[in-house]
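Listing of coords.cif, mmCIF, C-alpha atoms
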data_input
loop_
_atom_site.group_PDB
_atom_site.id
_atom_site.type_symbol
_atom_site.label_atom_id
_atom_site.label_comp_id
_atom_site.auth_asym_id
_atom_site.auth_seq_id
_atom_site.Cartn_x
_atom_site.Cartn_y
_atom_site.Cartn_z
ATOM 1 C CA MET A 1 39.287 46.448 -3.269
ATOM 2 C CA CYS A 2 40.378 46.093 0.362
ATOM 3 C CA VAL A 3 37.034 47.409 1.646
ATOM 4 C CA ASN A 4 35.142 45.101 -0.715
ATOM 5 C CA ALA A 5 37.237 42.124 0.408
ATOM 6 C CA ILE A 6 36.586 42.947 4.068
ATOM 7 C CA GLY A 7 32.870 43.341 3.339
ATOM 8 C CA ALA A 8 32.692 40.045 1.494
ATOM 9 C CA SER A 9 34.593 38.295 4.279
ATOM 10 C CA TRP A 10 32.229 39.722 6.910
ATOM 11 C CA LEU A 11 29.173 38.642 4.880
ATOM 12 C CA ARG A 12 30.472 35.081 4.571
ATOM 13 C CA HIS A 13 31.179 35.012 8.300
ATOM 14 C CA ALA A 14 27.663 36.285 9.070
ATOM 15 C CA ILE A 15 26.039 33.696 6.806
ATOM 16 C CA THR A 16 28.092 30.930 8.438
ATOM 17 C CA CYS A 17 27.060 32.097 11.906
ATOM 18 C CA VAL A 18 23.384 32.178 10.954
ATOM 19 C CA ALA A 19 23.623 28.678 9.443
ATOM 20 C CA LEU A 20 25.312 27.335 12.577
ATOM 21 C CA LEU A 21 22.653 28.945 14.755
ATOM 22 C CA LEU A 22 19.896 27.364 12.676
ATOM 23 C CA ILE A 23 21.538 23.936 12.876
ATOM 24 C CA ALA A 24 22.008 24.327 16.617
ATOM 25 C CA ALA A 25 18.384 25.403 17.055
ATOM 26 C CA SER A 26 17.194 22.438 15.017
ATOM 27 C CA GLY A 27 19.303 20.046 17.050
ATOM 28 C CA ALA A 28 18.097 21.595 20.287
ATOM 29 C CA SER A 29 14.473 21.265 19.206
ATOM 30 C CA ALA A 30 15.014 17.589 18.487
ATOM 31 C CA GLN A 31 16.792 16.977 21.782
ATOM 32 C CA GLY A 32 13.884 18.513 23.654
ATOM 33 C CA TYR A 33 11.239 16.882 21.448
ATOM 34 C CA PRO A 34 8.549 16.219 22.410
ATOM 35 C CA VAL A 35 7.667 18.731 25.094
ATOM 36 C CA LYS A 36 3.886 18.396 24.691
ATOM 37 C CA PRO A 37 1.350 15.854 23.379
ATOM 38 C CA VAL A 38 1.761 14.642 19.793
ATOM 39 C CA ARG A 39 -1.306 14.045 17.655
ATOM 40 C CA ILE A 40 -1.324 10.903 15.484
ATOM 41 C CA VAL A 41 -3.959 11.356 12.801
ATOM 42 C CA VAL A 42 -5.675 8.179 11.550
ATOM 43 C CA ALA A 43 -7.838 8.764 8.492
ATOM 44 C CA PHE A 44 -10.254 5.915 9.230
ATOM 45 C CA ALA A 45 -12.661 4.983 12.004
ATOM 46 C CA ALA A 46 -11.724 3.161 15.182
ATOM 47 C CA GLY A 47 -11.657 -0.618 15.065
ATOM 48 C CA GLY A 48 -9.673 -1.268 11.881
ATOM 49 C CA THR A 49 -6.072 -2.422 11.784
ATOM 50 C CA THR A 50 -4.722 1.058 10.986
ATOM 51 C CA ASP A 51 -6.396 2.424 14.101
ATOM 52 C CA ILE A 52 -5.372 -0.518 16.296
ATOM 53 C CA LEU A 53 -1.727 -0.339 15.207
ATOM 54 C CA ALA A 54 -1.662 3.434 15.706
ATOM 55 C CA ARG A 55 -2.935 3.002 19.261
ATOM 56 C CA VAL A 56 -0.370 0.302 20.026
ATOM 57 C CA PHE A 57 2.418 2.591 18.874
ATOM 58 C CA SER A 58 0.928 5.603 20.670
ATOM 59 C CA GLN A 59 1.199 3.743 23.966
ATOM 60 C CA LYS A 60 4.777 2.688 23.245
ATOM 61 C CA LEU A 61 5.926 6.167 22.253
ATOM 62 C CA ALA A 62 4.176 7.782 25.207
ATOM 63 C CA ALA A 63 5.954 5.436 27.603
ATOM 64 C CA ALA A 64 9.316 6.050 25.889
ATOM 65 C CA THR A 65 9.104 9.847 25.735
ATOM 66 C CA GLY A 66 7.027 10.724 28.777
ATOM 67 C CA HIS A 67 4.512 12.637 26.637
ATOM 68 C CA GLN A 68 1.161 11.589 25.218
ATOM 69 C CA PHE A 69 0.768 10.446 21.615
ATOM 70 C CA ILE A 70 -2.954 10.897 21.009
ATOM 71 C CA VAL A 71 -4.756 9.092 18.176
ATOM 72 C CA ASP A 72 -7.145 11.420 16.347
ATOM 73 C CA ASN A 73 -9.559 9.691 13.934
ATOM 74 C CA ARG A 74 -10.419 12.008 11.020
ATOM 75 C CA VAL A 75 -12.726 10.007 8.778
ATOM 76 C CA GLY A 76 -13.904 10.616 5.224
ATOM 77 C CA ALA A 77 -13.203 10.743 1.485
ATOM 78 C CA GLY A 78 -11.055 7.613 1.355
ATOM 79 C CA GLY A 79 -8.676 8.955 3.964
ATOM 80 C CA THR A 80 -7.981 12.232 2.179
ATOM 81 C CA ILE A 81 -9.538 14.402 4.908
ATOM 82 C CA GLY A 82 -7.086 13.159 7.510
ATOM 83 C CA THR A 83 -4.178 13.326 5.076
ATOM 84 C CA ASP A 84 -4.986 16.909 4.114
ATOM 85 C CA MET A 85 -5.132 17.861 7.782
ATOM 86 C CA VAL A 86 -1.581 16.613 8.328
ATOM 87 C CA ALA A 87 -0.293 18.101 5.067
ATOM 88 C CA LYS A 88 -1.463 21.531 6.247
ATOM 89 C CA ALA A 89 -0.299 21.154 9.858
ATOM 90 C CA ALA A 90 2.670 23.018 11.297
ATOM 91 C CA PRO A 91 5.884 21.119 10.456
ATOM 92 C CA ASP A 92 6.975 20.849 14.072
ATOM 93 C CA GLY A 93 6.528 17.145 14.798
ATOM 94 C CA TYR A 94 3.360 17.565 16.856
ATOM 95 C CA THR A 95 0.951 16.421 14.128
ATOM 96 C CA ILE A 96 1.856 13.247 12.263
ATOM 97 C CA LYS A 97 -0.133 10.705 10.284
ATOM 98 C CA PHE A 98 -0.336 6.963 10.762
ATOM 99 C CA GLY A 99 -1.437 5.871 7.314
ATOM 100 C CA SER A 100 -2.029 2.811 5.205
ATOM 101 C CA THR A 101 -2.151 1.783 1.566
ATOM 102 C CA SER A 102 -5.577 3.401 1.205
ATOM 103 C CA SER A 103 -4.674 6.936 2.152
ATOM 104 C CA LEU A 104 -1.011 6.938 1.108
ATOM 105 C CA ALA A 105 -1.205 5.179 -2.276
ATOM 106 C CA VAL A 106 -4.771 4.624 -3.482
ATOM 107 C CA SER A 107 -6.674 7.821 -2.729
ATOM 108 C CA PRO A 108 -4.151 10.153 -4.410
ATOM 109 C CA ASN A 109 -4.872 8.236 -7.622
ATOM 110 C CA LEU A 110 -8.648 8.273 -7.232
ATOM 111 C CA TYR A 111 -9.378 11.870 -6.304
ATOM 112 C CA PRO A 112 -8.485 14.198 -9.186
ATOM 113 C CA LYS A 113 -8.589 17.499 -7.302
ATOM 114 C CA LEU A 114 -6.927 16.942 -3.956
ATOM 115 C CA PRO A 115 -5.895 20.018 -1.962
ATOM 116 C CA PHE A 116 -2.461 18.497 -1.360
ATOM 117 C CA ASP A 117 0.312 16.685 -3.219
ATOM 118 C CA LEU A 118 1.267 13.572 -1.265
ATOM 119 C CA MET A 119 4.983 13.417 -2.054
ATOM 120 C CA ARG A 120 5.416 17.191 -1.998
ATOM 121 C CA ASP A 121 3.512 18.044 1.175
ATOM 122 C CA LEU A 122 4.343 15.014 3.318
ATOM 123 C CA THR A 123 7.672 13.485 4.248
ATOM 124 C CA PRO A 124 8.204 9.791 5.105
ATOM 125 C CA VAL A 125 9.105 8.876 8.660
ATOM 126 C CA ALA A 126 8.801 5.115 9.116
ATOM 127 C CA HIS A 127 7.458 2.058 7.286
ATOM 128 C CA VAL A 128 6.226 -0.086 10.166
ATOM 129 C CA ALA A 129 4.201 -3.033 8.834
ATOM 130 C CA SER A 130 2.924 -5.013 5.886
ATOM 131 C CA ALA A 131 -0.092 -7.289 5.778
ATOM 132 C CA PRO A 132 -1.902 -9.613 3.426
ATOM 133 C CA ILE A 133 -5.422 -8.480 2.614
ATOM 134 C CA VAL A 134 -7.973 -11.267 2.843
ATOM 135 C CA LEU A 135 -11.435 -11.827 1.415
ATOM 136 C CA ALA A 136 -14.002 -13.161 3.880
ATOM 137 C CA MET A 137 -17.625 -14.162 3.337
ATOM 138 C CA HIS A 138 -20.790 -14.769 5.321
ATOM 139 C CA PRO A 139 -21.350 -18.547 5.558
ATOM 140 C CA SER A 140 -24.824 -18.220 4.051
ATOM 141 C CA LEU A 141 -23.269 -17.869 0.598
ATOM 142 C CA PRO A 142 -23.566 -21.298 -1.067
ATOM 143 C CA VAL A 143 -19.879 -21.541 -2.042
ATOM 144 C CA LYS A 144 -16.868 -23.347 -0.590
ATOM 145 C CA ASP A 145 -13.987 -21.570 -2.241
ATOM 146 C CA MET A 146 -12.902 -18.695 -4.471
ATOM 147 C CA ARG A 147 -13.670 -20.520 -7.702
ATOM 148 C CA GLY A 148 -17.166 -21.216 -6.447
ATOM 149 C CA LEU A 149 -17.662 -17.552 -5.577
ATOM 150 C CA ILE A 150 -16.609 -16.403 -9.038
ATOM 151 C CA ALA A 151 -18.901 -18.943 -10.694
ATOM 152 C CA LEU A 152 -21.827 -17.834 -8.510
ATOM 153 C CA ALA A 153 -21.121 -14.142 -9.145
ATOM 154 C CA LYS A 154 -21.258 -14.729 -12.905
ATOM 155 C CA THR A 155 -24.792 -16.122 -12.575
ATOM 156 C CA LYS A 156 -25.903 -13.260 -10.297
ATOM 157 C CA PRO A 157 -24.375 -10.025 -11.628
ATOM 158 C CA GLY A 158 -24.820 -7.146 -9.183
ATOM 159 C CA GLN A 159 -26.594 -9.321 -6.607
ATOM 160 C CA ILE A 160 -23.601 -10.144 -4.384
ATOM 161 C CA ASN A 161 -22.276 -7.293 -2.241
ATOM 162 C CA PHE A 162 -18.867 -6.599 -0.766
ATOM 163 C CA ALA A 163 -18.082 -4.196 2.079
ATOM 164 C CA SER A 164 -15.027 -1.989 2.400
ATOM 165 C CA SER A 165 -13.681 0.676 4.725
ATOM 166 C CA GLY A 166 -14.900 3.397 2.375
ATOM 167 C CA THR A 167 -15.132 4.534 -1.218
ATOM 168 C CA GLY A 168 -11.636 5.052 -2.534
ATOM 169 C CA SER A 169 -9.972 2.840 0.054
ATOM 170 C CA SER A 170 -7.550 0.083 -0.922
ATOM 171 C CA LEU A 171 -10.137 -2.450 0.278
ATOM 172 C CA HIS A 172 -12.726 -0.964 -2.078
ATOM 173 C CA LEU A 173 -10.240 -1.186 -4.923
ATOM 174 C CA CYS A 174 -9.500 -4.836 -4.098
ATOM 175 C CA GLY A 175 -13.103 -5.625 -4.970
ATOM 176 C CA GLU A 176 -13.147 -3.489 -8.095
ATOM 177 C CA TYR A 177 -9.933 -5.098 -9.289
ATOM 178 C CA LEU A 178 -11.478 -8.518 -8.737
ATOM 179 C CA ASN A 179 -14.484 -7.403 -10.790
ATOM 180 C CA TYR A 180 -12.149 -6.319 -13.575
ATOM 181 C CA LEU A 181 -9.906 -9.383 -13.708
ATOM 182 C CA ALA A 182 -12.555 -12.044 -13.038
ATOM 183 C CA LYS A 183 -15.141 -10.320 -15.262
ATOM 184 C CA ILE A 184 -17.808 -10.315 -12.558
ATOM 185 C CA ASN A 185 -19.996 -7.602 -11.023
ATOM 186 C CA LEU A 186 -19.874 -7.507 -7.229
ATOM 187 C CA THR A 187 -21.677 -4.465 -5.769
ATOM 188 C CA HIS A 188 -19.646 -2.216 -3.485
ATOM 189 C CA VAL A 189 -21.101 -1.166 -0.123
ATOM 190 C CA PRO A 190 -18.883 1.499 1.514
ATOM 191 C CA TYR A 191 -18.598 2.030 5.266
ATOM 192 C CA LYS A 192 -16.665 4.450 7.436
ATOM 193 C CA GLY A 193 -14.239 1.795 8.582
ATOM 194 C CA ILE A 194 -14.079 -1.977 8.915
ATOM 195 C CA GLY A 195 -15.327 -1.848 12.494
ATOM 196 C CA VAL A 196 -18.531 -0.239 11.234
ATOM 197 C CA ALA A 197 -18.919 -2.703 8.354
ATOM 198 C CA LEU A 198 -18.435 -5.929 10.278
ATOM 199 C CA PRO A 199 -21.860 -6.068 12.015
ATOM 200 C CA ASP A 200 -23.629 -6.000 8.634
ATOM 201 C CA VAL A 201 -21.379 -8.731 7.238
ATOM 202 C CA ILE A 202 -21.768 -10.910 10.330
ATOM 203 C CA SER A 203 -25.553 -10.536 10.125
ATOM 204 C CA GLY A 204 -25.521 -11.436 6.417
ATOM 205 C CA GLN A 205 -26.809 -8.099 5.111
ATOM 206 C CA VAL A 206 -23.566 -7.882 3.114
ATOM 207 C CA GLN A 207 -22.012 -11.099 1.860
ATOM 208 C CA LEU A 208 -18.318 -10.297 1.366
ATOM 209 C CA ILE A 209 -15.657 -8.090 2.924
ATOM 210 C CA PHE A 210 -12.009 -7.279 2.210
ATOM 211 C CA SER A 211 -9.725 -6.432 5.121
ATOM 212 C CA ASP A 212 -6.645 -7.403 7.041
ATOM 213 C CA MET A 213 -7.172 -10.598 8.990
ATOM 214 C CA ALA A 214 -7.155 -9.029 12.455
ATOM 215 C CA PRO A 215 -10.807 -7.875 12.635
ATOM 216 C CA PHE A 216 -11.998 -11.279 11.356
ATOM 217 C CA VAL A 217 -10.233 -13.610 13.796
ATOM 218 C CA PRO A 218 -12.904 -13.861 16.529
ATOM 219 C CA TYR A 219 -15.691 -14.343 13.969
ATOM 220 C CA VAL A 220 -13.785 -16.957 11.977
ATOM 221 C CA LYS A 221 -13.219 -18.938 15.168
ATOM 222 C CA THR A 222 -16.952 -18.932 15.935
ATOM 223 C CA GLY A 223 -17.971 -19.746 12.355
ATOM 224 C CA LYS A 224 -19.650 -16.397 11.715
ATOM 225 C CA LEU A 225 -17.230 -15.637 8.873
ATOM 226 C CA ARG A 226 -15.268 -17.785 6.441
ATOM 227 C CA VAL A 227 -12.015 -16.614 4.855
ATOM 228 C CA LEU A 228 -11.668 -17.495 1.173
ATOM 229 C CA ALA A 229 -8.287 -16.213 -0.012
ATOM 230 C CA VAL A 230 -5.462 -13.690 0.285
ATOM 231 C CA THR A 231 -4.833 -10.944 -2.246
ATOM 232 C CA THR A 232 -1.050 -11.261 -2.537
ATOM 233 C CA ALA A 233 0.641 -13.118 -5.401
ATOM 234 C CA GLN A 234 2.231 -15.619 -2.991
ATOM 235 C CA ARG A 235 0.631 -17.326 -0.019
ATOM 236 C CA SER A 236 1.083 -15.468 3.240
ATOM 237 C CA ARG A 237 3.677 -16.674 5.737
ATOM 238 C CA LEU A 238 1.125 -15.858 8.410
ATOM 239 C CA TYR A 239 -1.673 -17.878 6.795
ATOM 240 C CA PRO A 240 -0.038 -20.465 4.522
ATOM 241 C CA GLU A 241 -3.210 -22.568 4.456
ATOM 242 C CA LEU A 242 -5.104 -19.846 2.592
ATOM 243 C CA PRO A 243 -4.948 -19.907 -1.218
ATOM 244 C CA THR A 244 -4.290 -16.748 -3.189
ATOM 245 C CA ILE A 245 -6.915 -15.193 -5.416
ATOM 246 C CA ALA A 246 -4.409 -15.548 -8.267
ATOM 247 C CA GLU A 247 -4.140 -19.327 -7.862
ATOM 248 C CA SER A 248 -7.927 -19.592 -7.520
ATOM 249 C CA GLY A 249 -8.745 -18.680 -11.080
ATOM 250 C CA VAL A 250 -7.767 -14.988 -11.262
ATOM 251 C CA PRO A 251 -4.177 -14.896 -12.593
ATOM 252 C CA GLY A 252 -2.344 -11.605 -12.147
ATOM 253 C CA TYR A 253 -4.191 -10.573 -8.982
ATOM 254 C CA ASP A 254 -1.579 -9.198 -6.556
ATOM 255 C CA LEU A 255 -2.329 -6.548 -3.930
ATOM 256 C CA ALA A 256 -1.002 -6.024 -0.398
ATOM 257 C CA GLY A 257 -1.586 -3.754 2.550
ATOM 258 C CA TRP A 258 1.048 -1.725 4.390
ATOM 259 C CA TYR A 259 1.310 0.870 7.148
ATOM 260 C CA GLY A 260 3.590 3.799 7.765
ATOM 261 C CA VAL A 261 4.106 7.193 9.347
ATOM 262 C CA VAL A 262 4.476 10.529 7.576
ATOM 263 C CA ALA A 263 4.859 14.117 8.762
ATOM 264 C CA PRO A 264 4.358 17.534 7.164
ATOM 265 C CA THR A 265 7.119 18.505 4.748
ATOM 266 C CA GLY A 266 9.484 20.925 6.442
ATOM 267 C CA THR A 267 9.551 19.036 9.730
ATOM 268 C CA PRO A 268 13.166 19.363 10.944
ATOM 269 C CA ARG A 269 15.312 16.384 10.047
ATOM 270 C CA PRO A 270 16.380 15.750 13.671
ATOM 271 C CA ILE A 271 12.716 15.394 14.648
ATOM 272 C CA ILE A 272 12.100 13.003 11.738
ATOM 273 C CA GLU A 273 15.072 10.962 12.931
ATOM 274 C CA ARG A 274 13.833 10.978 16.527
ATOM 275 C CA LEU A 275 10.384 9.786 15.472
ATOM 276 C CA HIS A 276 11.902 7.127 13.215
ATOM 277 C CA ALA A 277 14.100 5.911 16.054
ATOM 278 C CA GLU A 278 11.178 5.723 18.496
ATOM 279 C CA PHE A 279 8.916 3.836 16.082
ATOM 280 C CA THR A 280 11.769 1.429 15.278
ATOM 281 C CA LYS A 281 12.533 0.885 18.959
ATOM 282 C CA ALA A 282 8.843 0.207 19.633
ATOM 283 C CA MET A 283 8.774 -2.353 16.786
ATOM 284 C CA ARG A 284 11.729 -4.177 18.300
ATOM 285 C CA SER A 285 10.322 -4.388 21.829
ATOM 286 C CA PRO A 286 9.847 -8.015 22.964
ATOM 287 C CA ASP A 287 6.054 -7.898 23.270
ATOM 288 C CA MET A 288 5.508 -6.412 19.797
ATOM 289 C CA ALA A 289 6.169 -9.666 17.927
ATOM 290 C CA GLU A 290 3.143 -11.243 19.572
ATOM 291 C CA ARG A 291 1.090 -8.076 19.040
ATOM 292 C CA TYR A 292 1.947 -8.006 15.339
ATOM 293 C CA LEU A 293 1.033 -11.664 15.000
ATOM 294 C CA SER A 294 -2.324 -11.099 16.691
ATOM 295 C CA LEU A 295 -3.073 -8.320 14.182
ATOM 296 C CA GLY A 296 -2.003 -10.384 11.191
ATOM 297 C CA VAL A 297 0.778 -8.023 10.170
ATOM 298 C CA GLU A 298 4.536 -8.294 9.787
ATOM 299 C CA PRO A 299 7.124 -5.714 10.909
ATOM 300 C CA VAL A 300 9.031 -3.739 8.290
ATOM 301 C CA GLU A 301 12.166 -1.737 8.975
ATOM 302 C CA SER A 302 13.557 0.805 6.544
ATOM 303 C CA THR A 303 15.050 4.273 6.508
ATOM 304 C CA PRO A 304 12.831 7.277 5.784
ATOM 305 C CA GLU A 305 14.424 7.443 2.328
ATOM 306 C CA GLN A 306 13.667 3.783 1.605
ATOM 307 C CA PHE A 307 10.104 4.289 2.749
ATOM 308 C CA GLY A 308 9.810 7.298 0.438
ATOM 309 C CA ALA A 309 10.972 5.214 -2.536
ATOM 310 C CA TYR A 310 8.466 2.492 -1.587
ATOM 311 C CA MET A 311 5.645 5.033 -1.390
ATOM 312 C CA ARG A 312 6.458 6.357 -4.872
ATOM 313 C CA ALA A 313 6.456 2.816 -6.288
ATOM 314 C CA GLU A 314 3.119 2.035 -4.615
ATOM 315 C CA LEU A 315 1.580 5.254 -5.937
ATOM 316 C CA ALA A 316 2.507 4.173 -9.462
ATOM 317 C CA LYS A 317 1.263 0.608 -8.960
ATOM 318 C CA TRP A 318 -2.122 1.565 -7.535
ATOM 319 C CA GLY A 319 -2.480 4.295 -10.132
ATOM 320 C CA ASP A 320 -2.225 1.647 -12.830
ATOM 321 C CA ILE A 321 -4.804 -0.512 -11.024
ATOM 322 C CA VAL A 322 -7.202 2.426 -10.734
ATOM 323 C CA LYS A 323 -6.972 3.034 -14.489
ATOM 324 C CA ARG A 324 -7.354 -0.620 -15.444
ATOM 325 C CA SER A 325 -10.313 -1.200 -13.130
ATOM 326 C CA GLY A 326 -12.068 1.969 -14.251
ATOM 327 C CA THR A 327 -12.769 3.020 -10.646
ATOM 328 C CA LYS A 328 -13.724 6.687 -10.318
ATOM 329 C CA VAL A 329 -14.492 8.921 -7.351
ATOM 330 C CA GLU A 330 -15.828 12.434 -7.740
#
Could you write out this file's structure as structure tokens?
Amino acid sequence: MCVNAIGASWLRHAITCVALLLIAASGASAQGYPVKPVRIVVAFAAGGTTDILARVFSQKLAAATGHQFIVDNRVGAGGTIGTDMVAKAAPDGYTIKFGSTSSLAVSPNLYPKLPFDLMRDLTPVAHVASAPIVLAMHPSLPVKDMRGLIALAKTKPGQINFASSGTGSSLHLCGEYLNYLAKINLTHVPYKGIGVALPDVISGQVQLIFSDMAPFVPYVKTGKLRVLAVTTAQRSRLYPELPTIAESGVPGYDLAGWYGVVAPTGTPRPIIERLHAEFTKAMRSPDMAERYLSLGVEPVESTPEQFGAYMRAELAKWGDIVKRSGTKVE
């Protein structure tokens, strides 16, 4: 009994020592993090708000840490290619994803055979922004408002096109949801990012486009685009003059955009906390308020746990919208 007691005591002591060593190693890795460039994966092309925001933060974090945060655009399949890349990356804090509604809530509901499970393989880091999605049109369309567009679309089924940042993106689904609720038939034209789509909309080859406001601002000012409405249930604090789609004859329409950072599951908690702290500090810097305003987005602060709960709620919401709209992606 004495020998067994001594053996058990030694085993407990050894386990405690190992645990303390692991905790110390984890803390040390966070204190020294980062020691090399960090890759921020963006699952859409350059030029859209997701990409612009990621680059703003990359500059802030690089200045704060003394190491580069490099934006890496991995485009395709509604953002799932970039997401899969991060899900399979080493959980060491050197590959993270700057994502949006499209890749972190919509695509997991659209693609039935993804090589990753969003909430299992990725861990939330920071919820950094929210934004109203707006619907803009080429001025050649003979309508003045949302009601006029819906009336025109009903007389020309399939003849009016709308652009999005790609099949399976939240912006694609905004159009499909409008088709469903308004009982119209707008034709989807997918692009590899809003920056790629805009030239065709400005030239009039495509008549409509859903996006955050930021890419539209210079073209609205010059009269090359006209903004019709916002997709949220309430009018935006940023653009209170714009009506909602819901109040313009499509009751129940309520969709919003958001942006956040995730990392591979298994990334040490101290590194998650360091990243969260740096993104939060960057958000609070004096010049960021003006930058956010110029992009048409609003800052959001929450803990990683709160962001995780928000992501789960958004997955459920967009999943319901996918089913009701009948949108399918092979």
Exercise. May I have the residues at most 8 Å from (-13.6, -7.4, 6.4) in the file's coordinates, counting only C-alpha atoms, as number ranges by chain?
Key: A: 134-136, 163-164, 194, 197-198, 201, 208-213, 215-216
Quiz item: Smallest atom-to-atom distance to A:Phe69: which of A:Ile96, A:Val230, A:Ala90, A:Leu118, using only C-alpha atoms?
Solution: A:Ile96
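Every protein or nucleic acid residue with an atom no more than 6 Å from stretch 36-44 of chain A, counting all atoms listed in the file and leaving out same-chain residues fewer than 6 positions away, appears here: His67, Gln68, Phe69, Ile70, Val71, Asp72, Asn73, Arg74, Val75, Gly79, Gly82, Tyr94, Thr95, Ile96, Lys97, Phe98 and Gly193 of chain A.
Considering the residues A:Ser285, A:Ser325, A:Ser100, A:Thr232 and counting only C-alpha atoms, A:Val128 has its shortest atom-to-atom contact with A:Ser100.
Going from atom CA of A:Val227 to atom CA of A:Glu247 covers 15.2 Å.
Across the model, the gap from atom CA of A:Trp318 to atom CA of A:Asn109 is 7.2 Å.
Picture a line from atom CA of A:Gly47 to atom CA of A:Gly175; it runs 20.7 Å.
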Quiz item: Hey, what comes out of the PyMOL selection byres ((chain A and resi 87) around 10) on this file? Could you write it as a list in words?
Solution: Ile81, Gly82, Thr83, Asp84, Met85, Val86, Lys88, Ala89, Ala90, Pro91, Thr95, Ile96, Lys97, Pro115, Phe116, Asp117, Leu118, Arg120, Asp121, Leu122, Thr123, Val262, Ala263, Pro264 and Thr265 of chain A
Please dump the current selection as a PDB file, in the frame of the given file; keep C-alpha atoms.
ATOM      1  CA  ILE A  81      -9.538  14.402   4.908  1.00  0.00           C
ATOM      2  CA  GLY A  82      -7.086  13.159   7.510  1.00  0.00           C
ATOM      3  CA  THR A  83      -4.178  13.326   5.076  1.00  0.00           C
ATOM      4  CA  ASP A  84      -4.986  16.909   4.114  1.00  0.00           C
ATOM      5  CA  MET A  85      -5.132  17.861   7.782  1.00  0.00           C
ATOM      6  CA  VAL A  86      -1.581  16.613   8.328  1.00  0.00           C
ATOM      7  CA  LYS A  88      -1.463  21.531   6.247  1.00  0.00           C
ATOM      8  CA  ALA A  89      -0.299  21.154   9.858  1.00  0.00           C
ATOM      9  CA  ALA A  90       2.670  23.018  11.297  1.00  0.00           C
ATOM     10  CA  PRO A  91       5.884  21.119  10.456  1.00  0.00           C
ATOM     11  CA  THR A  95       0.951  16.421  14.128  1.00  0.00           C
ATOM     12  CA  ILE A  96       1.856  13.247  12.263  1.00  0.00           C
ATOM     13  CA  LYS A  97      -0.133  10.705  10.284  1.00  0.00           C
ATOM     14  CA  PRO A 115      -5.895  20.018  -1.962  1.00  0.00           C
ATOM     15  CA  PHE A 116      -2.461  18.497  -1.360  1.00  0.00           C
ATOM     16  CA  ASP A 117       0.312  16.685  -3.219  1.00  0.00           C
ATOM     17  CA  LEU A 118       1.267  13.572  -1.265  1.00  0.00           C
ATOM     18  CA  ARG A 120       5.416  17.191  -1.998  1.00  0.00           C
ATOM     19  CA  ASP A 121       3.512  18.044   1.175  1.00  0.00           C
ATOM     20  CA  LEU A 122       4.343  15.014   3.318  1.00  0.00           C
ATOM     21  CA  THR A 123       7.672  13.485   4.248  1.00  0.00           C
ATOM     22  CA  VAL A 262       4.476  10.529   7.576  1.00  0.00           C
ATOM     23  CA  ALA A 263       4.859  14.117   8.762  1.00  0.00           C
ATOM     24  CA  PRO A 264       4.358  17.534   7.164  1.00  0.00           C
ATOM     25  CA  THR A 265       7.119  18.505   4.748  1.00  0.00           C
TER      26      THR A 265
END
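Across the chains present, the PyMOL selection byres ((chain A and resi 274) around 12) applied to this file returns Gly27, Ser29, Ala30, Gln31, Gly32, Tyr33, Pro34, Leu61, Ala64, Thr65, Gly93, Val125, Ala126, Thr267, Pro268, Arg269, Pro270, Ile271, Ile272, Glu273, Leu275, His276, Ala277, Glu278, Phe279, Thr280, Lys281 and Pro304 of chain A.
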Quiz item: So what does the PyMOL selection byres ((chain A and resi 142-153) around 8) actually pick up in this one, as an NGL selection string?
Solution: :A and (139-141 or 154-160 or 182 or 184-186 or 228-229 or 245 or 248-249)
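Minimum atom-to-atom distance to A:Pro108, evaluated using only C-alpha atoms, belongs to A:Gly319 out of A:Gly319, A:Thr50, A:Glu241, A:Thr327.
Checking A:Pro199, A:Pro243, A:Gly168, A:Gly257 one by one against A:Leu225, counting all atoms listed in the file, you find the shortest gap at A:Pro199.
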Missing atoms in stretch 164-171 of chain A need filling: write out N, CA and C atoms for it as a PDB file, keeping the file's coordinate frame.
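Listing of selection.pdb after writing:
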ATOM      1  N   SER A 164     -16.392  -2.495   2.266  1.00  0.00           N
ATOM      2  CA  SER A 164     -15.027  -1.989   2.400  1.00  0.00           C
ATOM      3  C   SER A 164     -15.022  -0.883   3.443  1.00  0.00           C
ATOM      4  N   SER A 165     -13.830  -0.389   3.733  1.00  0.00           N
ATOM      5  CA  SER A 165     -13.681   0.676   4.725  1.00  0.00           C
ATOM      6  C   SER A 165     -13.981   2.051   4.152  1.00  0.00           C
ATOM      7  N   GLY A 166     -14.509   2.110   2.940  1.00  0.00           N
ATOM      8  CA  GLY A 166     -14.900   3.397   2.375  1.00  0.00           C
ATOM      9  C   GLY A 166     -14.596   3.498   0.899  1.00  0.00           C
ATOM     10  N   THR A 167     -15.371   4.302   0.202  1.00  0.00           N
ATOM     11  CA  THR A 167     -15.132   4.534  -1.218  1.00  0.00           C
ATOM     12  C   THR A 167     -13.749   5.148  -1.416  1.00  0.00           C
ATOM     13  N   GLY A 168     -12.975   4.547  -2.286  1.00  0.00           N
ATOM     14  CA  GLY A 168     -11.636   5.052  -2.534  1.00  0.00           C
ATOM     15  C   GLY A 168     -10.573   4.406  -1.683  1.00  0.00           C
ATOM     16  N   SER A 169     -10.964   3.522  -0.779  1.00  0.00           N
ATOM     17  CA  SER A 169      -9.972   2.840   0.054  1.00  0.00           C
ATOM     18  C   SER A 169      -9.334   1.704  -0.734  1.00  0.00           C
ATOM     19  N   SER A 170      -8.198   1.210  -0.245  1.00  0.00           N
ATOM     20  CA  SER A 170      -7.550   0.083  -0.922  1.00  0.00           C
ATOM     21  C   SER A 170      -8.446  -1.139  -0.893  1.00  0.00           C
ATOM     22  N   LEU A 171      -9.253  -1.289   0.163  1.00  0.00           N
ATOM     23  CA  LEU A 171     -10.137  -2.450   0.278  1.00  0.00           C
ATOM     24  C   LEU A 171     -11.278  -2.369  -0.730  1.00  0.00           C
TER      25      LEU A 171
END
